[in-house]
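Visitor: Below is the file entry.cif, with mmCIF, C-alpha atoms.
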data_query
loop_
_atom_site.label_atom_id
_atom_site.label_comp_id
_atom_site.auth_asym_id
_atom_site.auth_seq_id
_atom_site.Cartn_x
_atom_site.Cartn_y
_atom_site.Cartn_z
CA MET A 919 -28.24 27.73 -19.40
CA SER A 920 -28.76 30.09 -22.31
CA VAL A 921 -28.94 28.96 -25.95
CA LYS A 922 -27.82 31.14 -28.83
CA ALA A 923 -29.44 30.95 -32.24
CA ALA A 924 -27.95 28.43 -34.64
CA ARG A 925 -25.26 29.62 -37.00
CA SER A 926 -22.92 27.98 -39.44
CA LEU A 927 -19.98 27.50 -37.12
CA THR A 928 -16.47 28.32 -38.27
CA GLN A 929 -13.18 27.60 -36.56
CA SER A 930 -12.47 31.27 -35.92
CA GLN A 931 -15.93 31.80 -34.40
CA VAL A 932 -15.50 28.84 -32.02
CA GLU A 933 -12.12 30.13 -30.89
CA ALA A 934 -13.64 33.59 -30.28
CA PHE A 935 -16.46 32.41 -27.97
CA LEU A 936 -15.97 34.04 -24.56
CA PRO A 937 -17.06 32.66 -21.16
CA LYS A 938 -20.03 34.16 -19.31
CA GLU A 939 -21.45 33.86 -15.77
CA LYS A 940 -23.49 30.82 -16.86
CA ARG A 941 -22.89 28.06 -19.35
CA TYR A 942 -24.34 28.60 -22.81
CA LYS A 943 -24.75 26.65 -26.05
CA VAL A 944 -24.24 27.67 -29.66
CA TYR A 945 -25.80 25.32 -32.22
CA ASP A 946 -24.46 24.66 -35.70
CA SER A 947 -26.93 25.27 -38.54
CA ARG A 948 -25.11 22.94 -40.95
CA GLN A 949 -25.10 19.79 -38.82
CA SER A 950 -28.28 18.81 -36.99
CA GLY A 951 -27.84 18.41 -33.23
CA LEU A 952 -24.26 19.72 -33.10
CA PHE A 953 -23.50 22.49 -30.63
CA VAL A 954 -20.65 24.05 -28.66
CA GLN A 955 -21.03 24.39 -24.88
CA VAL A 956 -19.03 27.19 -23.29
CA SER A 957 -18.53 27.02 -19.48
CA PRO A 958 -17.77 29.95 -17.12
CA THR A 959 -14.18 28.68 -16.85
CA GLY A 960 -13.72 29.16 -20.60
CA ARG A 961 -13.72 25.44 -21.45
CA LYS A 962 -15.43 24.73 -24.79
CA VAL A 963 -16.76 21.29 -25.71
CA TYR A 964 -18.55 19.87 -28.75
CA TYR A 965 -21.79 17.95 -28.06
CA CYS A 966 -24.42 16.35 -30.23
CA PHE A 967 -28.08 16.07 -29.24
CA ILE A 968 -29.28 12.55 -30.10
CA ARG A 969 -32.26 10.39 -29.28
CA VAL A 970 -31.78 6.61 -28.97
CA ASN A 971 -34.96 4.52 -28.74
CA GLY A 972 -36.88 7.55 -27.50
CA LYS A 973 -34.29 8.52 -24.87
CA ALA A 974 -32.73 11.94 -25.45
CA THR A 975 -29.18 12.79 -24.41
CA ASP A 976 -26.36 15.22 -25.12
CA HIS A 977 -23.53 13.06 -26.44
CA LYS A 978 -20.06 14.47 -25.72
CA LEU A 979 -17.84 14.54 -28.82
CA GLY A 980 -14.72 16.16 -27.41
CA SER A 981 -12.95 19.37 -26.46
CA CYS A 982 -12.81 22.22 -28.97
CA GLU A 983 -9.05 22.26 -28.39
CA GLU A 984 -8.82 18.68 -29.68
CA LEU A 985 -11.38 18.75 -32.50
CA THR A 986 -11.89 21.05 -35.46
CA VAL A 987 -15.38 22.08 -36.56
CA ARG A 988 -15.14 19.69 -39.52
CA GLN A 989 -14.16 16.75 -37.29
CA ALA A 990 -16.97 17.57 -34.86
CA ARG A 991 -19.53 17.59 -37.71
CA SER A 992 -18.28 14.21 -38.89
CA LEU A 993 -18.54 12.68 -35.42
CA ALA A 994 -21.98 14.19 -34.88
CA GLY A 995 -23.17 12.77 -38.20
CA ASP A 996 -21.95 9.28 -37.27
CA ALA A 997 -23.63 9.52 -33.86
CA LEU A 998 -26.96 10.56 -35.41
CA VAL A 999 -26.87 7.69 -37.94
CA LYS A 1000 -26.23 5.16 -35.19
CA ALA A 1001 -28.92 6.72 -33.00
CA ARG A 1002 -31.52 6.25 -35.79
CA ARG A 1003 -30.54 2.55 -35.82
CA GLY A 1004 -31.04 2.35 -32.05
CA GLN A 1005 -27.31 2.20 -31.32
CA SER A 1006 -25.94 4.23 -28.38
CA VAL A 1007 -22.57 5.80 -29.12
CA ALA A 1008 -22.01 6.45 -25.41
CA LYS A 1009 -22.69 2.80 -24.60
CA GLU A 1010 -20.29 1.67 -27.31
CA ARG A 1011 -17.63 3.95 -25.85
CA VAL A 1012 -18.11 2.48 -22.38
CA GLN A 1013 -17.93 -1.06 -23.78
CA ALA A 1014 -14.77 -0.26 -25.71
CA ARG A 1015 -13.19 1.29 -22.63
CA SER A 1016 -14.17 -1.63 -20.41
CA GLY A 1017 -12.20 -3.93 -22.69
CA THR A 1018 -8.99 -2.14 -21.77
CA LEU A 1019 -6.95 -2.58 -18.62
CA ARG A 1020 -7.90 0.96 -17.55
CA GLY A 1021 -11.63 0.29 -17.98
CA PHE A 1022 -11.42 -3.09 -16.25
CA ILE A 1023 -9.72 -1.51 -13.24
CA ALA A 1024 -12.15 1.42 -13.03
CA GLU A 1025 -15.38 -0.49 -13.58
CA ARG A 1026 -14.81 -3.80 -11.80
CA TYR A 1027 -11.42 -4.56 -10.28
CA LYS A 1028 -11.07 -1.42 -8.16
CA ALA A 1029 -14.30 -2.14 -6.25
CA TYR A 1030 -13.22 -5.77 -5.78
CA LEU A 1031 -9.86 -4.74 -4.30
CA TRP A 1032 -11.38 -2.28 -1.83
CA ALA A 1033 -13.84 -4.90 -0.67
CA ASN A 1034 -11.44 -7.85 -0.38
CA HIS A 1035 -7.79 -6.80 -0.35
CA SER A 1036 -5.80 -5.89 2.76
CA ASP A 1037 -3.91 -3.10 0.95
CA PRO A 1038 -5.95 -2.10 -2.13
CA ALA A 1039 -4.20 1.24 -2.60
CA ALA A 1040 -0.82 -0.47 -3.09
CA SER A 1041 -2.22 -2.89 -5.69
CA LEU A 1042 -3.97 -0.09 -7.58
CA TRP A 1043 -0.76 1.96 -7.57
CA ILE A 1044 1.17 -0.94 -9.12
CA LEU A 1045 -1.42 -1.35 -11.88
CA GLU A 1046 -1.82 2.35 -12.64
CA VAL A 1047 1.75 3.68 -12.28
CA PRO A 1048 4.40 1.04 -13.15
CA PHE A 1049 2.02 -0.41 -15.80
CA ALA A 1050 0.74 2.97 -17.05
CA GLU A 1051 1.90 2.08 -20.58
CA LEU A 1052 -0.54 -0.85 -20.60
CA LEU A 1053 -3.63 0.95 -19.29
CA ASP A 1054 -5.10 1.63 -22.74
CA GLU A 1055 -4.23 -1.84 -24.04
CA ARG A 1056 -7.09 -4.26 -24.52
CA LEU A 1057 -7.01 -7.12 -22.04
CA VAL A 1058 -6.83 -9.61 -24.90
CA ASP A 1059 -3.72 -7.85 -26.23
CA ILE A 1060 -1.74 -8.18 -23.00
CA THR A 1061 0.50 -11.19 -23.58
CA SER A 1062 3.32 -12.87 -21.72
CA GLY A 1063 5.69 -11.59 -24.40
CA ARG A 1064 4.52 -8.05 -23.81
CA ILE A 1065 5.19 -8.41 -20.06
CA GLU A 1066 8.56 -9.99 -20.75
CA GLN A 1067 9.47 -6.86 -22.70
CA TRP A 1068 8.30 -4.76 -19.75
CA ARG A 1069 10.53 -6.74 -17.39
CA ILE A 1070 13.54 -6.30 -19.66
CA LYS A 1071 12.88 -2.56 -19.90
CA HIS A 1072 12.60 -2.08 -16.12
CA GLY A 1073 14.93 -4.86 -15.01
CA GLN A 1074 17.99 -2.63 -14.55
CA GLN A 1075 16.18 -0.17 -12.26
CA LEU A 1076 14.16 -2.65 -10.16
CA ALA A 1077 15.26 -5.54 -7.97
CA PRO A 1078 14.10 -9.04 -9.02
CA ALA A 1079 11.78 -9.29 -6.02
CA THR A 1080 10.15 -5.96 -6.96
CA LEU A 1081 9.68 -7.12 -10.56
CA ASN A 1082 8.01 -10.30 -9.32
CA LYS A 1083 5.74 -8.37 -6.96
CA ARG A 1084 4.54 -6.00 -9.67
CA VAL A 1085 4.02 -8.66 -12.29
CA GLY A 1086 2.23 -10.72 -9.63
CA ALA A 1087 -0.25 -7.87 -9.06
CA LEU A 1088 -1.02 -7.71 -12.80
CA LYS A 1089 -1.28 -11.51 -12.96
CA ALA A 1090 -3.81 -11.49 -10.11
CA ALA A 1091 -5.89 -8.84 -11.91
CA LEU A 1092 -5.94 -10.83 -15.14
CA ALA A 1093 -6.88 -13.97 -13.20
CA LYS A 1094 -10.01 -12.14 -12.02
CA ALA A 1095 -10.72 -10.97 -15.56
CA LYS A 1096 -10.64 -14.62 -16.67
CA LEU A 1097 -12.84 -15.69 -13.74
CA TRP A 1098 -15.41 -13.05 -14.66
CA GLY A 1099 -15.44 -14.16 -18.31
CA LEU A 1100 -13.77 -11.07 -19.78
CA ILE A 1101 -10.87 -13.03 -21.28
CA GLU A 1102 -10.62 -16.70 -22.18
CA SER A 1103 -7.33 -17.35 -20.38
CA ASN A 1104 -4.78 -15.61 -18.19
CA PRO A 1105 -1.81 -14.87 -20.46
CA LEU A 1106 0.53 -14.65 -17.46
CA GLN A 1107 -0.51 -17.97 -15.92
CA ASP A 1108 2.66 -19.76 -17.01
CA LEU A 1109 5.02 -16.78 -16.84
CA ARG A 1110 7.88 -17.71 -14.52
CA LYS A 1111 9.17 -15.37 -11.86
CA VAL A 1112 12.51 -13.65 -12.22
CA ARG A 1113 15.09 -15.59 -10.26
CA VAL A 1114 15.86 -13.91 -6.95
CA PRO A 1115 19.48 -14.58 -5.92
CA LYS A 1116 19.62 -16.40 -2.60
CA LYS A 1117 21.61 -14.49 -0.02
CA PRO A 1118 22.50 -15.33 3.57
CA VAL A 1119 19.80 -14.08 5.92
CA ASP A 1120 20.80 -10.74 7.47
CA PHE A 1121 20.15 -10.48 11.19
CA LEU A 1122 21.39 -8.63 14.26
CA SER A 1123 24.19 -9.99 16.39
CA GLU A 1124 23.89 -10.01 20.19
CA GLU A 1125 26.13 -6.96 20.33
CA GLN A 1126 23.98 -5.12 17.80
CA ILE A 1127 20.81 -6.00 19.73
CA ASP A 1128 22.38 -4.46 22.83
CA ILE A 1129 23.23 -1.29 20.88
CA LEU A 1130 19.66 -1.07 19.57
CA ARG A 1131 18.23 -1.45 23.06
CA LEU A 1132 20.61 1.21 24.39
CA THR A 1133 19.68 3.62 21.58
CA LEU A 1134 15.96 3.17 22.26
CA ALA A 1135 16.52 3.66 25.99
CA GLU A 1136 18.53 6.85 25.36
CA ARG A 1137 15.72 8.15 23.18
CA ASP A 1138 13.18 7.59 25.96
CA ASN A 1139 15.54 9.20 28.50
CA ASP A 1140 15.97 12.27 26.27
CA ARG A 1141 12.20 12.57 25.83
CA ALA A 1142 11.67 12.25 29.60
CA LEU A 1143 14.33 14.91 30.24
CA GLN A 1144 12.64 17.27 27.80
CA ARG A 1145 9.34 16.66 29.58
CA ARG A 1146 10.97 17.37 32.97
CA GLN A 1147 12.49 20.63 31.72
CA TYR A 1148 9.18 21.66 30.22
CA ASN A 1149 7.43 20.99 33.54
CA GLN A 1150 10.00 23.17 35.29
CA TRP A 1151 9.23 25.91 32.79
CA LEU A 1152 5.49 25.54 33.52
CA VAL A 1153 6.05 25.59 37.31
CA ALA A 1154 8.05 28.81 37.03
CA ARG A 1155 5.02 30.37 35.37
CA ARG A 1156 2.56 28.83 37.85
CA ARG A 1157 0.89 26.75 35.19
CA ALA A 1158 -0.31 23.13 35.36
CA THR A 1159 2.42 20.60 34.64
CA ARG A 1160 2.24 17.72 32.19
CA LEU A 1161 2.37 13.97 32.86
CA PHE A 1162 5.80 12.71 33.97
CA TYR A 1163 6.50 9.11 33.00
CA GLU A 1164 9.00 7.90 35.59
CA GLU A 1165 7.29 9.46 38.62
CA ASP A 1166 3.60 9.48 37.69
CA LEU A 1167 3.44 6.24 35.68
CA GLU A 1168 6.51 4.40 37.02
CA MET A 1169 7.76 3.42 33.58
CA ASP A 1170 10.71 4.10 31.28
CA ILE A 1171 8.91 4.29 27.93
CA THR A 1172 7.63 7.63 26.68
CA ASP A 1173 5.70 6.55 23.59
CA HIS A 1174 4.96 3.55 21.36
CA LEU A 1175 8.31 3.14 19.52
CA THR A 1176 10.26 1.09 22.08
CA PRO A 1177 7.33 -1.31 22.73
CA PHE A 1178 6.86 -1.74 18.98
CA ALA A 1179 10.54 -2.51 18.31
CA LEU A 1180 10.76 -4.98 21.23
CA LEU A 1181 7.54 -6.65 20.10
CA ILE A 1182 8.88 -7.38 16.60
CA LEU A 1183 12.30 -8.39 17.94
CA HIS A 1184 10.70 -10.97 20.26
CA THR A 1185 7.88 -12.18 17.98
CA GLY A 1186 9.04 -11.74 14.39
CA LEU A 1187 5.72 -10.15 13.43
CA ARG A 1188 5.47 -8.41 10.09
CA PHE A 1189 5.11 -4.63 10.34
CA LYS A 1190 1.45 -4.60 9.25
CA GLU A 1191 0.62 -7.45 11.60
CA ALA A 1192 2.10 -5.54 14.54
CA ILE A 1193 0.80 -2.06 13.71
CA ASN A 1194 -2.78 -3.37 13.42
CA LEU A 1195 -2.83 -5.24 16.74
CA LYS A 1196 -5.73 -4.62 19.12
CA TRP A 1197 -5.77 -5.12 22.86
CA SER A 1198 -8.42 -7.79 22.36
CA ASP A 1199 -5.80 -9.84 20.46
CA LEU A 1200 -3.85 -10.36 23.71
CA ASP A 1201 -5.27 -12.86 26.21
CA GLU A 1202 -4.70 -13.18 29.98
CA LYS A 1203 -1.88 -15.69 29.50
CA GLY A 1204 0.16 -13.35 27.33
CA VAL A 1205 -0.63 -15.02 24.00
CA LEU A 1206 -1.31 -12.92 20.91
CA THR A 1207 -3.73 -13.94 18.18
CA VAL A 1208 -2.03 -12.59 15.07
CA THR A 1209 -3.93 -12.11 11.81
CA ASP A 1210 -1.90 -12.58 8.63
CA TYR A 1211 -2.68 -9.51 6.50
CA LYS A 1212 -1.82 -11.46 3.33
CA THR A 1213 -4.08 -14.49 3.75
CA GLY A 1214 -6.42 -13.58 6.60
CA ASN A 1215 -5.28 -16.68 8.52
CA PHE A 1216 -4.35 -16.40 12.17
CA ARG A 1217 -1.66 -17.86 14.39
CA TYR A 1218 -0.84 -17.81 18.09
CA MET A 1219 2.22 -16.01 19.41
CA PRO A 1220 3.25 -16.46 23.10
CA LEU A 1221 5.00 -13.38 24.48
CA VAL A 1222 8.07 -13.37 26.70
CA HIS A 1223 7.75 -11.62 30.06
CA GLU A 1224 9.66 -8.51 28.91
CA VAL A 1225 7.22 -7.87 26.05
CA GLN A 1226 4.18 -8.52 28.24
CA LYS A 1227 5.50 -5.98 30.74
CA VAL A 1228 6.22 -3.28 28.16
CA LEU A 1229 2.74 -3.72 26.63
CA VAL A 1230 1.18 -3.28 30.08
CA HIS A 1231 3.12 -0.02 30.36
CA LEU A 1232 2.00 1.00 26.86
CA LYS A 1233 -1.65 0.44 27.75
CA ARG A 1234 -1.25 2.51 30.90
CA LEU A 1235 0.50 5.24 28.89
CA ASN A 1236 -2.27 5.34 26.28
CA TYR A 1237 -4.88 5.75 28.98
CA ALA A 1238 -2.90 8.49 30.73
CA ASN A 1239 -2.41 10.46 27.52
CA LEU A 1240 -5.97 10.09 26.20
CA GLY A 1241 -8.04 9.71 29.36
CA ARG A 1242 -9.78 6.66 27.93
CA GLU A 1243 -9.11 3.14 26.75
CA VAL A 1244 -8.48 2.58 23.06
CA GLU A 1245 -9.10 -0.40 20.81
CA HIS A 1246 -5.70 -0.53 19.08
CA MET A 1247 -2.35 -0.96 20.81
CA PHE A 1248 -0.41 1.56 18.75
CA VAL A 1249 -2.21 4.89 18.47
CA GLY A 1250 -1.38 8.54 17.90
CA PRO A 1251 -2.00 11.60 20.09
CA GLU A 1252 -5.72 11.59 19.25
CA GLY A 1253 -6.18 7.87 19.76
CA ARG A 1254 -6.33 6.98 16.08
CA PRO A 1255 -4.55 3.80 14.93
CA LEU A 1256 -1.05 4.43 13.61
CA THR A 1257 -0.19 3.43 10.06
CA SER A 1258 3.48 4.43 10.03
CA LEU A 1259 6.42 4.91 12.40
CA LYS A 1260 8.79 6.12 9.71
CA SER A 1261 9.88 9.45 11.21
CA SER A 1262 10.63 8.29 14.75
CA TRP A 1263 12.14 4.96 13.62
CA ASN A 1264 14.38 6.60 11.02
CA ARG A 1265 15.81 8.94 13.65
CA VAL A 1266 16.76 5.89 15.72
CA ARG A 1267 18.24 4.12 12.69
CA GLN A 1268 20.44 7.12 11.90
CA LYS A 1269 22.12 6.75 15.30
CA LEU A 1270 22.90 3.06 14.81
CA PRO A 1271 26.34 2.04 13.46
CA PHE A 1272 24.67 -0.67 11.33
CA GLU A 1273 21.71 -1.08 8.99
CA CYS A 1274 18.46 -2.01 10.72
CA ASP A 1275 14.84 -2.16 9.56
CA TRP A 1276 11.70 -3.97 10.68
CA MET A 1277 12.43 -6.95 8.43
CA LYS A 1278 15.86 -7.32 10.01
CA LEU A 1279 14.26 -7.49 13.47
CA ARG A 1280 11.84 -10.12 12.18
CA ARG A 1281 14.68 -12.20 10.72
CA THR A 1282 16.69 -11.81 13.92
CA PHE A 1283 13.83 -13.50 15.76
CA GLY A 1284 13.75 -16.37 13.25
CA SER A 1285 17.54 -16.71 13.28
CA LEU A 1286 17.69 -16.97 17.06
CA LEU A 1287 15.05 -19.70 17.01
CA ILE A 1288 17.01 -21.71 14.46
CA LYS A 1289 20.28 -21.26 16.36
CA ASN A 1290 18.60 -22.41 19.58
CA GLY A 1291 17.58 -25.66 17.92
CA VAL A 1292 13.85 -24.97 17.47
CA PRO A 1293 12.42 -27.36 14.83
CA THR A 1294 12.01 -25.80 11.40
CA TYR A 1295 8.25 -26.49 11.34
CA HIS A 1296 7.75 -24.56 14.59
CA VAL A 1297 9.83 -21.65 13.28
CA SER A 1298 7.73 -21.63 10.11
CA GLN A 1299 4.49 -21.51 12.10
CA LEU A 1300 5.70 -18.75 14.42
CA LEU A 1301 6.84 -16.60 11.50
CA GLY A 1302 3.60 -17.19 9.58
CA HIS A 1303 5.31 -18.66 6.52
CA SER A 1304 2.95 -20.26 4.01
CA ASN A 1305 5.13 -23.38 3.92
CA VAL A 1306 8.25 -24.83 5.50
CA GLU A 1307 10.21 -24.37 2.26
CA THR A 1308 10.20 -20.60 2.81
CA THR A 1309 11.79 -21.10 6.22
CA GLN A 1310 14.35 -23.50 4.79
CA LYS A 1311 15.22 -21.05 2.03
CA TRP A 1312 16.05 -18.22 4.41
CA TYR A 1313 17.12 -19.78 7.68
CA LEU A 1314 18.53 -23.28 7.39
CA GLY A 1315 21.91 -21.91 6.28
CA LEU A 1316 22.35 -20.84 9.90
CA LYS A 1317 22.73 -24.45 11.05
CA ILE A 1318 26.45 -24.38 10.29
CA ASP A 1319 27.22 -26.39 13.44
CA ASP A 1320 24.97 -29.20 12.26
CA TYR A 1321 26.62 -29.14 8.84
CA ARG A 1322 30.08 -29.20 10.41
CA ALA A 1323 29.13 -32.19 12.57
CA ALA A 1324 27.76 -33.99 9.49
CA VAL A 1325 31.00 -33.50 7.58
CA GLN A 1326 33.17 -34.46 10.56
CA SER A 1327 31.22 -37.71 10.89
CA LEU A 1328 32.95 -38.84 7.70
CA SER A 1329 36.44 -38.31 9.07
CA GLY A 1330 36.84 -42.00 9.99
CA VAL A 1331 35.30 -43.35 6.79
CA GLU A 1332 37.57 -44.73 4.09
CA PHE A 1333 36.47 -44.06 0.50
#
What would the structure in this file look like if it were written as C-alpha cells?
Guide:
Amino acid sequence: MSVKAARSLTQSQVEAFLPKEKRYKVYDSRQSGLFVQVSPTGRKVYYCFIRVNGKATDHKLGSCEELTVRQARSLAGDALVKARRGQSVAKERVQARSGTLRGFIAERYKAYLWANHSDPAASLWILEVPFAELLDERLVDITSGRIEQWRIKHGQQLAPATLNKRVGALKAALAKAKLWGLIESNPLQDLRKVRVPKKPVDFLSEEQIDILRLTLAERDNDRALQRRQYNQWLVARRRATRLFYEEDLEMDITDHLTPFALLILHTGLRFKEAINLKWSDLDEKGVLTVTDYKTGNFRYMPLVHEVQKVLVHLKRLNYANLGREVEHMFVGPEGRPLTSLKSSWNRVRQKLPFECDWMKLRRTFGSLLIKNGVPTYHVSQLLGHSNVETTQKWYLGLKIDDYRAAVQSLSGVEF
C-alpha cells in the first residue's frame, strides 16, 4: 500500500482522490495520525493511527461520504486523547454495540441459537426483521410498554398467534440476556400473550379423506404413465429404459409425497418431525421413535399396517433410485434429506375442492382418535402435546355425543 506525503486536507481534495490499482493513504498535516485510505473500488475512509498501551492500530473513523474533514479531525483528536490515557476507542465501540439488541444477537445469542435451537434461522429472522426497529435499542431500554406499542402497530396485519410467536422469540432472547448478567431482569417476563380466539378444530371428513387419497393416487398414476411413455420413447431409439414402478418394483407410489401424506394422516406427526425421520427410528414391530423438534423429547408412535407397507415401498424405491441405502426416509434425487415438499404438495392441494395443509392432516388424526373414544391423555401423548390442556382446548369440543347424553340425562329431573 502506497503512502502519499502529508498535506492539509480539504473537502475538495478528498472528493477528488481517484482510485488506483492498489490501496493508498493520504495523511493530514494538521491533525496527527489522521489519514484517508482510498481503495481500488473508489471507497474512501477516514482512519486515525493510534497507540494504546504500546499497541498500534489504525482506528476507523468513518466513510468520507458520511464525515467532513472537520468532523474527521475532531474524531481523530478525541481518539488520540483517549489513547494517551490508555483507553481504546475501538473497544468502547464494541462495548457500546454489545449493549444493544443487535450487538447481543451478533456477539452472543446467534452462536447460542445455532448450537442449541432446532430452527435457529427462523428465530434469528424474527429478531432481525420484524423487530428491526429495536435492533439499535439498548437492552435496558426495551420495555414491556415498548413491545406493547409494537403489538398495537402490527396487530392489524398479523394474526394473534403470530404476534405471540414473535414476541415469544424476543422474550426468550431477553431471558438469556438476564441469565448471562447483561440485564437485571427480563422486561417481558410478565407480558401476557394476545388472546387467540378459540375456534372449532378444522379436520377432514371421511369423504374428504377419500378425495385426498384419490388425488394422490391419480398423481402417482400420471407420473407412472409419463415414465411408461418416456420408456417407449427410449425403446424406439434403442436406448436403455428407466425404472418402471408397477412392473419392476411392484408398487403404486412413484416418489415420497404419498407416503409422507399418509404418514401424517395416520400418525398426526408435525411436519418437521416427519420430514426428519430416519430409518433407524422405525423398529421391527412397526413403532416409530419420534423426536419432538421443540423440546427434544421423544415419544413412541405405532404405525397401522397401511403406513408400514407404504414405508417399505418407499425404502425400496429409494434404493432403486439411488443404488444405495440412505439414512433418512424422505430424500431427494441425490439422496440428501428433504426440507420442503411445498411444490409437489401445493399442486395436489390445488386439485382438492377443499382447503388442506399438513396441520389439517395432523388434526384429522387427533379428531378421529377423540371421536373413537380414545382417552384424552392418550391422544395428548400421541400428538406430543406438552400437557393435556392443549388437547382439551382443541379437541374436546368434538365429543358432542357425550355432551348430548349429559344434557339428556337431566330430562327426568324436576327443578
Visitor: Decode the PyMOL selection byres ((chain A and resi 1031) around 12) for the given file into explicit residues and return them as a short mmCIF file (atom, residue, chain, number, x, y, z; two decimals) with C-alpha atoms, in the coordinates of the input.
Guide:
data_model
loop_
_atom_site.label_atom_id
_atom_site.label_comp_id
_atom_site.auth_asym_id
_atom_site.auth_seq_id
_atom_site.Cartn_x
_atom_site.Cartn_y
_atom_site.Cartn_z
CA ILE A 1023 -9.72 -1.51 -13.24
CA ALA A 1024 -12.15 1.42 -13.03
CA GLU A 1025 -15.38 -0.49 -13.58
CA ARG A 1026 -14.81 -3.80 -11.80
CA TYR A 1027 -11.42 -4.56 -10.28
CA LYS A 1028 -11.07 -1.42 -8.16
CA ALA A 1029 -14.30 -2.14 -6.25
CA TYR A 1030 -13.22 -5.77 -5.78
CA TRP A 1032 -11.38 -2.28 -1.83
CA ALA A 1033 -13.84 -4.90 -0.67
CA ASN A 1034 -11.44 -7.85 -0.38
CA HIS A 1035 -7.79 -6.80 -0.35
CA SER A 1036 -5.80 -5.89 2.76
CA ASP A 1037 -3.91 -3.10 0.95
CA PRO A 1038 -5.95 -2.10 -2.13
CA ALA A 1039 -4.20 1.24 -2.60
CA ALA A 1040 -0.82 -0.47 -3.09
CA SER A 1041 -2.22 -2.89 -5.69
CA LEU A 1042 -3.97 -0.09 -7.58
CA TRP A 1043 -0.76 1.96 -7.57
CA LEU A 1045 -1.42 -1.35 -11.88
CA ALA A 1087 -0.25 -7.87 -9.06
CA ALA A 1090 -3.81 -11.49 -10.11
CA ALA A 1091 -5.89 -8.84 -11.91
CA LYS A 1094 -10.01 -12.14 -12.02
#
Visitor: Taking the file above as input, evaluate the PyMOL selection byres ((chain A and resi 1264-1274) around 9) and report the hits as a VMD selection string.
Guide: chain A and resid 1121 to 1122 1126 1129 to 1130 1133 to 1134 1137 1259 to 1263 1275 to 1279
Visitor: Determine the nearest neighbour of Pro1251 of chain A from the options A:Ser1304, A:Asp1173, A:Arg961, A:Ser1006, counting only C-alpha atoms.
Guide: A:Asp1173
Visitor: Might you pull out every residue within 12 Å of Val1292 of chain A, with all atoms listed in the file counted and same-chain residues fewer than 6 positions away left off, and present them as a ChimeraX atom specification?
Guide: /A:1283-1286,1298-1300,1313-1314,1317
Visitor: On this file, the PyMOL selection byres ((chain A and resi 934-939) around 6) gives some set of residues; write that set as a compact mmCIF listing (two decimals) with C-alpha atoms, keeping the file's coordinate frame.
Guide:
# COMPACT_ATOMS: atom_id res chain seq x y z
CA GLN A 931 -15.93 31.80 -34.40
CA VAL A 932 -15.50 28.84 -32.02
CA GLU A 933 -12.12 30.13 -30.89
CA LYS A 940 -23.49 30.82 -16.86
CA PRO A 958 -17.77 29.95 -17.12
CA GLY A 960 -13.72 29.16 -20.60
Visitor: So, with only C-alpha atoms as the atoms that count, which of A:Arg1242, A:Trp1151, A:Leu1180, A:Asn1194 lies closest to Glu1224 of chain A?
Guide: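 Among the listed residues, the smallest separation from Glu1224 of chain A belongs to A:Leu1180.
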Visitor: As a tab-separated table (two decimals) with C-alpha atoms, in the coordinates of the input, please: the residues near Ile1101 of chain A (cut-off 12 Å, all atoms listed in the file, same-chain neighbours under 4 positions excluded).
Guide:
chain	number	residue	atom	x	y	z
A	1016	SER	CA	-14.17	-1.63	-20.41
A	1017	GLY	CA	-12.20	-3.93	-22.69
A	1018	THR	CA	-8.99	-2.14	-21.77
A	1019	LEU	CA	-6.95	-2.58	-18.62
A	1022	PHE	CA	-11.42	-3.09	-16.25
A	1056	ARG	CA	-7.09	-4.26	-24.52
A	1057	LEU	CA	-7.01	-7.12	-22.04
A	1058	VAL	CA	-6.83	-9.61	-24.90
A	1059	ASP	CA	-3.72	-7.85	-26.23
A	1060	ILE	CA	-1.74	-8.18	-23.00
A	1061	THR	CA	0.50	-11.19	-23.58
A	1091	ALA	CA	-5.89	-8.84	-11.91
A	1092	LEU	CA	-5.94	-10.83	-15.14
A	1093	ALA	CA	-6.88	-13.97	-13.20
A	1094	LYS	CA	-10.01	-12.14	-12.02
A	1095	ALA	CA	-10.72	-10.97	-15.56
A	1096	LYS	CA	-10.64	-14.62	-16.67
A	1097	LEU	CA	-12.84	-15.69	-13.74
A	1105	PRO	CA	-1.81	-14.87	-20.46
Visitor: Residues near Ser1258 of chain A, anyone? I mean within 12 Å using all atoms listed in the file, not counting same-chain ones fewer than 5 positions away, as a list in words.
Guide: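 With the cut-off at 12 Å, the set is His1174, Leu1175, Phe1178, Phe1189, Lys1190, Ala1192, Ile1193, Asn1194, Phe1248, Val1249, Gly1250, Trp1263, Asn1264 and Trp1276 of chain A.
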Visitor: When you draw a straight line from atom CA of Pro1255 of chain A to atom CA of Glu1168 of chain A, how long is it in Å?
Guide: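 Separation of atom CA of Pro1255 of chain A and atom CA of Glu1168 of chain A: 24.7 Å.
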Visitor: Choose the residue, out of A:Leu1052, A:Val1114, A:Leu1106, A:Ala1142, that has the smallest atom-to-atom separation from Thr1080 of chain A; count all atoms listed in the file.
Guide: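 The closest residue to Thr1080 of chain A is A:Val1114.
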Visitor: Given only C-alpha atoms as the basis, pick out the residue of A:Arg1188, A:His977, A:Lys1311, A:Arg969 nearest to Lys1117 of chain A.
Guide: A:Lys1311
Visitor: Tell me which protein, DNA and RNA residues are within 7 Å of Ile968 of chain A, counting all atoms listed in the file, leaving out same-chain ones fewer than 2 positions away, and put them as a short mmCIF file (atom, residue, chain, number, x, y, z; two decimals) with C-alpha atoms, in the coordinates of the input.
Guide:
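Saved to out_5.cif:
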data_model
loop_
_atom_site.label_atom_id
_atom_site.label_comp_id
_atom_site.auth_asym_id
_atom_site.auth_seq_id
_atom_site.Cartn_x
_atom_site.Cartn_y
_atom_site.Cartn_z
CA GLY A 951 -27.84 18.41 -33.23
CA CYS A 966 -24.42 16.35 -30.23
CA VAL A 970 -31.78 6.61 -28.97
CA ALA A 974 -32.73 11.94 -25.45
CA THR A 975 -29.18 12.79 -24.41
CA ASP A 976 -26.36 15.22 -25.12
CA HIS A 977 -23.53 13.06 -26.44
CA LEU A 998 -26.96 10.56 -35.41
CA ALA A 1001 -28.92 6.72 -33.00
#
Visitor: Separation of atom CA of Glu1051 of chain A and atom CA of Leu1076 of chain A, in Å?
Guide: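 Separation between atom CA of Glu1051 of chain A and atom CA of Leu1076 of chain A: 16.8 Å.
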Visitor: Tell me which of A:Ser957, A:Asn1236, A:Thr1176, A:Thr1159 sits closest to Trp1197 of chain A, counting all atoms listed in the file.
Guide: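 Closest to Trp1197 of chain A, using all atoms listed in the file: A:Asn1236.
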